Every structure is written in C-alpha cells, then in structure tokens.
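Chemist: Contents of data.txt (compact mmCIF, C-alpha atoms):
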# COMPACT_ATOMS: atom_id res chain seq x y z
CA MET W 8 53.45 59.46 100.14
CA ARG W 9 56.57 57.77 101.59
CA ALA W 10 55.20 54.41 100.48
CA ASN W 11 54.84 55.71 96.88
CA LYS W 12 58.45 56.98 96.85
CA ALA W 13 59.69 53.68 98.19
CA LEU W 14 57.65 51.75 95.60
CA ARG W 15 58.99 54.01 92.83
CA ARG W 16 62.55 53.43 93.97
CA VAL W 17 61.99 49.68 94.03
CA ALA W 18 60.42 49.81 90.55
CA ILE W 19 63.26 51.93 89.16
CA LEU W 20 65.91 49.66 90.68
CA SER W 21 64.11 46.60 89.38
CA LEU W 22 63.86 48.09 85.88
CA ALA W 23 67.54 49.12 85.94
CA GLY W 24 68.54 45.61 87.02
CA THR W 25 66.50 44.08 84.22
CA LEU W 26 68.03 46.43 81.64
CA LEU W 27 71.56 45.77 82.88
CA SER W 28 71.08 42.01 82.88
CA ALA W 29 69.85 42.18 79.28
CA CYS W 30 73.11 43.93 78.32
CA SER W 31 75.37 41.26 79.80
CA THR W 32 74.92 38.35 77.44
CA GLU W 33 76.89 35.18 77.95
CA VAL W 34 78.80 33.91 74.97
CA SER W 35 78.52 30.30 73.88
CA ILE W 36 81.57 28.78 72.21
CA PRO W 37 82.38 25.14 71.43
CA THR W 38 84.14 22.97 73.98
CA ALA W 39 87.92 23.15 73.83
CA THR W 40 89.66 20.32 71.98
CA THR W 41 93.30 19.20 72.21
CA HIS W 42 95.73 19.36 69.29
CA GLY W 43 99.45 19.14 68.56
CA VAL W 44 102.28 16.69 68.78
CA ALA W 45 104.06 15.40 71.88
CA GLY W 46 105.77 18.27 73.67
CA HIS W 47 103.75 20.88 71.76
CA ARG W 48 100.12 20.18 72.69
CA PHE W 49 97.41 22.72 73.43
CA SER W 50 93.65 22.95 73.78
CA ILE W 51 91.37 25.72 72.54
CA SER W 52 87.77 26.30 71.46
CA PHE W 53 87.96 26.41 67.68
CA LEU W 54 84.74 27.89 66.27
CA LYS W 55 84.69 25.33 63.44
CA ARG W 56 86.41 21.97 63.05
CA PRO W 57 90.12 22.86 62.74
CA LYS W 58 92.36 21.88 59.88
CA VAL W 59 96.11 21.59 59.95
CA LEU W 60 97.18 24.34 57.57
CA ILE W 61 100.91 23.91 57.40
CA VAL W 62 103.74 21.94 58.82
CA VAL W 63 107.10 23.48 58.02
CA HIS W 64 110.36 21.62 58.56
CA GLY W 65 113.41 23.79 58.10
CA THR W 66 114.77 26.96 59.48
CA VAL W 67 112.91 30.25 59.75
CA ALA W 68 115.42 32.81 60.99
CA LEU W 69 114.72 34.83 64.11
CA GLY W 70 118.34 35.91 64.43
CA GLN W 71 117.66 39.19 66.19
CA TYR W 72 116.13 37.10 69.02
CA GLY W 73 118.99 34.61 69.23
CA THR W 74 117.06 31.65 67.81
CA SER W 75 115.27 30.23 64.78
CA VAL W 76 112.18 28.12 64.09
CA ASP W 77 113.00 24.47 63.31
CA LYS W 78 109.38 23.34 62.87
CA ARG W 79 106.07 25.18 62.62
CA TRP W 80 102.57 23.73 62.83
CA ALA W 81 99.38 25.72 62.18
CA TRP W 82 95.70 24.97 62.82
CA SER W 83 92.70 26.99 61.67
CA GLY W 84 88.98 26.78 62.30
CA GLY W 85 86.32 29.48 62.15
CA GLY W 86 88.55 32.54 62.42
CA VAL W 87 90.75 30.93 65.09
CA TYR W 88 94.40 30.31 64.20
CA VAL W 89 97.03 28.63 66.35
CA PHE W 90 100.68 28.51 65.28
CA VAL W 91 103.12 26.38 67.25
CA ASP W 92 106.81 26.99 66.68
CA ASP W 93 109.53 24.62 67.84
CA LEU W 94 112.49 26.95 68.38
CA ALA W 95 116.08 25.81 67.84
CA ARG W 96 117.10 27.16 71.25
CA SER W 97 115.69 29.14 74.14
CA VAL W 98 115.41 32.89 73.71
CA PRO W 99 117.76 34.99 75.90
CA SER W 100 115.70 36.54 78.72
CA ARG W 101 116.38 40.14 77.63
CA LEU W 102 114.86 39.34 74.20
CA VAL W 103 111.73 37.45 75.34
CA ASN W 104 109.34 40.44 75.48
CA PRO W 105 110.41 41.87 72.09
CA LEU W 106 110.05 38.39 70.54
CA LEU W 107 106.55 37.95 71.99
CA ARG W 108 105.45 41.39 70.74
CA ARG W 109 106.75 40.57 67.25
CA PHE W 110 103.75 38.26 66.77
CA LEU W 111 101.05 40.80 67.73
CA PRO W 112 98.95 42.73 65.21
CA ASN W 113 100.40 45.92 66.71
CA THR W 114 104.06 45.06 67.40
CA HIS W 115 104.64 47.87 69.93
CA GLY W 116 101.45 47.21 71.91
CA GLY W 117 100.11 44.37 73.92
CA LYS W 118 100.24 43.59 77.59
CA ILE W 119 103.07 41.46 78.94
CA VAL W 120 101.58 38.84 81.25
CA THR W 121 102.34 35.41 82.69
CA ARG W 122 100.19 32.52 81.48
CA PHE W 123 100.56 29.01 82.85
CA GLY W 124 103.79 30.15 84.55
CA PHE W 125 105.36 31.29 81.26
CA PRO W 126 106.01 34.71 79.71
CA ALA W 127 103.21 35.82 77.40
CA VAL W 128 101.71 38.83 75.70
CA THR W 129 98.07 39.52 74.86
CA GLU W 130 96.28 42.16 72.83
CA SER W 131 92.83 42.89 71.45
CA VAL W 132 92.42 45.48 68.67
CA PRO W 133 89.77 46.54 66.17
CA CYS W 134 90.16 44.69 62.89
CA SER W 135 92.02 46.46 60.11
CA SER W 136 93.70 45.39 56.91
CA PRO W 137 95.80 47.00 54.19
CA ALA W 138 92.50 47.62 52.38
CA GLY W 139 91.08 49.52 55.38
CA THR W 140 88.96 48.60 58.37
CA CYS W 141 87.07 45.34 58.64
CA ALA W 142 84.33 44.19 60.99
CA GLY W 143 85.15 42.81 64.38
CA THR W 144 88.03 42.38 66.74
CA ILE W 145 91.38 40.67 66.54
CA GLY W 146 92.60 39.00 69.69
CA SER W 147 96.10 37.64 70.18
CA LEU W 148 97.87 35.58 72.80
CA VAL W 149 101.51 34.56 72.46
CA VAL W 150 103.04 32.20 75.05
CA LEU W 151 106.69 31.13 75.26
CA ASP W 152 107.16 27.76 76.99
CA GLY W 153 110.94 27.25 76.92
CA SER W 154 111.68 26.63 73.27
CA THR W 155 108.03 26.31 72.17
CA LEU W 156 106.15 29.40 71.06
CA TYR W 157 102.32 29.32 70.89
CA ASP W 158 100.76 32.10 68.79
CA VAL W 159 96.94 32.32 69.07
CA PHE W 160 95.12 34.68 66.71
CA VAL W 161 91.32 35.14 66.70
CA HIS W 162 89.18 37.28 64.40
CA ASN W 163 85.46 37.54 65.14
CA SER W 164 82.73 40.14 64.70
CA ASN W 165 81.78 39.76 68.38
CA PRO W 166 84.51 41.00 70.77
CA SER W 167 83.09 38.78 73.53
CA VAL W 168 83.56 35.68 71.37
CA THR W 169 87.13 36.75 70.54
CA SER W 170 87.89 37.14 74.25
CA ALA W 171 86.22 33.85 75.22
CA VAL W 172 88.21 31.90 72.60
CA ILE W 173 91.50 33.49 73.75
CA ASP W 174 90.58 32.63 77.35
CA SER W 175 89.87 28.99 76.38
CA PHE W 176 93.49 28.40 75.31
CA ARG W 177 95.48 26.01 77.54
CA LEU W 178 98.78 24.16 77.29
CA ALA W 179 98.18 20.41 77.29
CA SER W 180 100.40 17.45 78.07
Rewrite the coordinates I just gave you, this time as structure tokens.
Modeler:
Amino acid sequence: MRANKALRRVAILSLAGTLLSACSTEVSIPTATTHGVAGHRFSISFLKRPKVLIVVHGTVALGQYGTSVDKRWAWSGGGVYVFVDDLARSVPSRLVNPLLRRFLPNTHGGKIVTRFGFPAVTESVPCSSPAGTCAGTIGSLVVLDGSTLYDVFVHNSNPSVTSAVIDSFRLAS
C-alpha cells in the first residue's frame, strides 16, 4: 500500500510538472537591431522591419521641465515605437521623474527604475483608447541619458511579447 501511495505521489507530481511547463511558453521575437544617429543610438527587437516615421528639427517646448526638444526621431515596426528626443539642455534633477512619467500611457503611474545607469520609468497596462478598450497590452520604457530621452512604446496582443520587446531595448554606441 505504501508503494501505491508513493507511486501516486510521483505520478501527480509528474503530471503537475508537465502541466506547469506547458503554461510557461517562451516567446520568440526577432533579433535586436541598432538604429539612430551618432550620440543617439539604440538597439531593440522590432517585430517588423522598422521605418523612420518622423524627424523633427525645431523646438518642442517642455518648459515646465526646464528644457525643450531640439530634434526628434521616431521609428516604428510591428507595434513597436521608439522616439528619441535630443533635448536643448539637461533636465534639473528635481524634475526628472515627472518628465519621465509624462511619456507614459498613465502619467501618474509607472515604476521609477535605473536602466543602463540612467533614470528611467517603466509601465505595462491593458490597452485602452478613447473609443474604449482594445486587445493586448501597452508597455512603455522611458530612459533619460543626459540630454537624450528614449521613449519606447510597445502594443501587442501577447503581454509576454510586449515585455520581451521592452527588455530587448539597449543604448548603443
């Protein structure tokens, strides 16, 4: 009888392990590629071949944060967007966190973190739009490297893909 109980326990544990391993699926995303201009380069796993959306030369005011945007570049590919802002001057330290949060989908949320030795904020929220809810998750990462601001925005129906793309972001030289 003890042998039967032991065999049952082994069978139950084996079945539970099989079920749990089936739940943890690995996500496959493309290899990260490098983009940007000298002094403002980054790498990320775009889900489709990225296109440069806009390059803005001129001033975009961010007066309440003690700076402005002199140039803005934007790339997009497969629900992945990266905006790179060349700021006119560094942001005063007391205004860094509010500036970072300004770029999140939920401007009062997010988690202040350090990425690559620089101040950053990250957030993942269910998708919503002015028209109502939409499928999937929105992930954001905003990194301030001196006077360069990197704003990463990902929308995907699979939260694991959203997270993996955000995690693939790196500053490049």
Chemist: Show which residues sit within 7 Å of Leu60 in chain W, as a PDB file with C-alpha atoms, in the frame of the given file. Count all atoms listed in the file, and ignore same-chain residues fewer than 5 positions away.
Modeler:
ATOM      1  CA  ALA W  81      99.380  25.720  62.180  1.00  0.00           C
ATOM      2  CA  TRP W  82      95.700  24.970  62.820  1.00  0.00           C
ATOM      3  CA  SER W  83      92.700  26.990  61.670  1.00  0.00           C
TER       4      SER W  83
END
Chemist: Rank W:Val132, W:Phe90, W:Lys118, W:Val103 by their smallest atom-to-atom distance to Gln71 in chain W, using only C-alpha atoms, and report the top residue only.
Modeler: W:Val103
Chemist: List every protein, DNA or RNA residue that has at least one atom no more than 12 Å from (90.4, 48.5, 64.0) in the file's coordinates, counting all atoms listed in the file, and write the result as an NGL selection string.
Modeler: :W and (112-113 or 131-146 or 162 or 164 or 166)
Chemist: Can you measure CA of Val44 in chain W to CA of Leu69 in chain W for me? One decimal in Å is fine.
Modeler: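 A separation of 22.5 Å between them.
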Chemist: Between CA of Tyr72 in chain W and CA of Pro105 in chain W, what is the distance, to one decimal in Å?
Modeler: 8.1 Å
Chemist: W:Val161, W:Leu178, W:Leu107, W:Ala68: which is nearest Ser50 in chain W, counting only C-alpha atoms?
Modeler: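 When distances to Ser50 in chain W are compared using only C-alpha atoms, the smallest one comes from W:Leu178.
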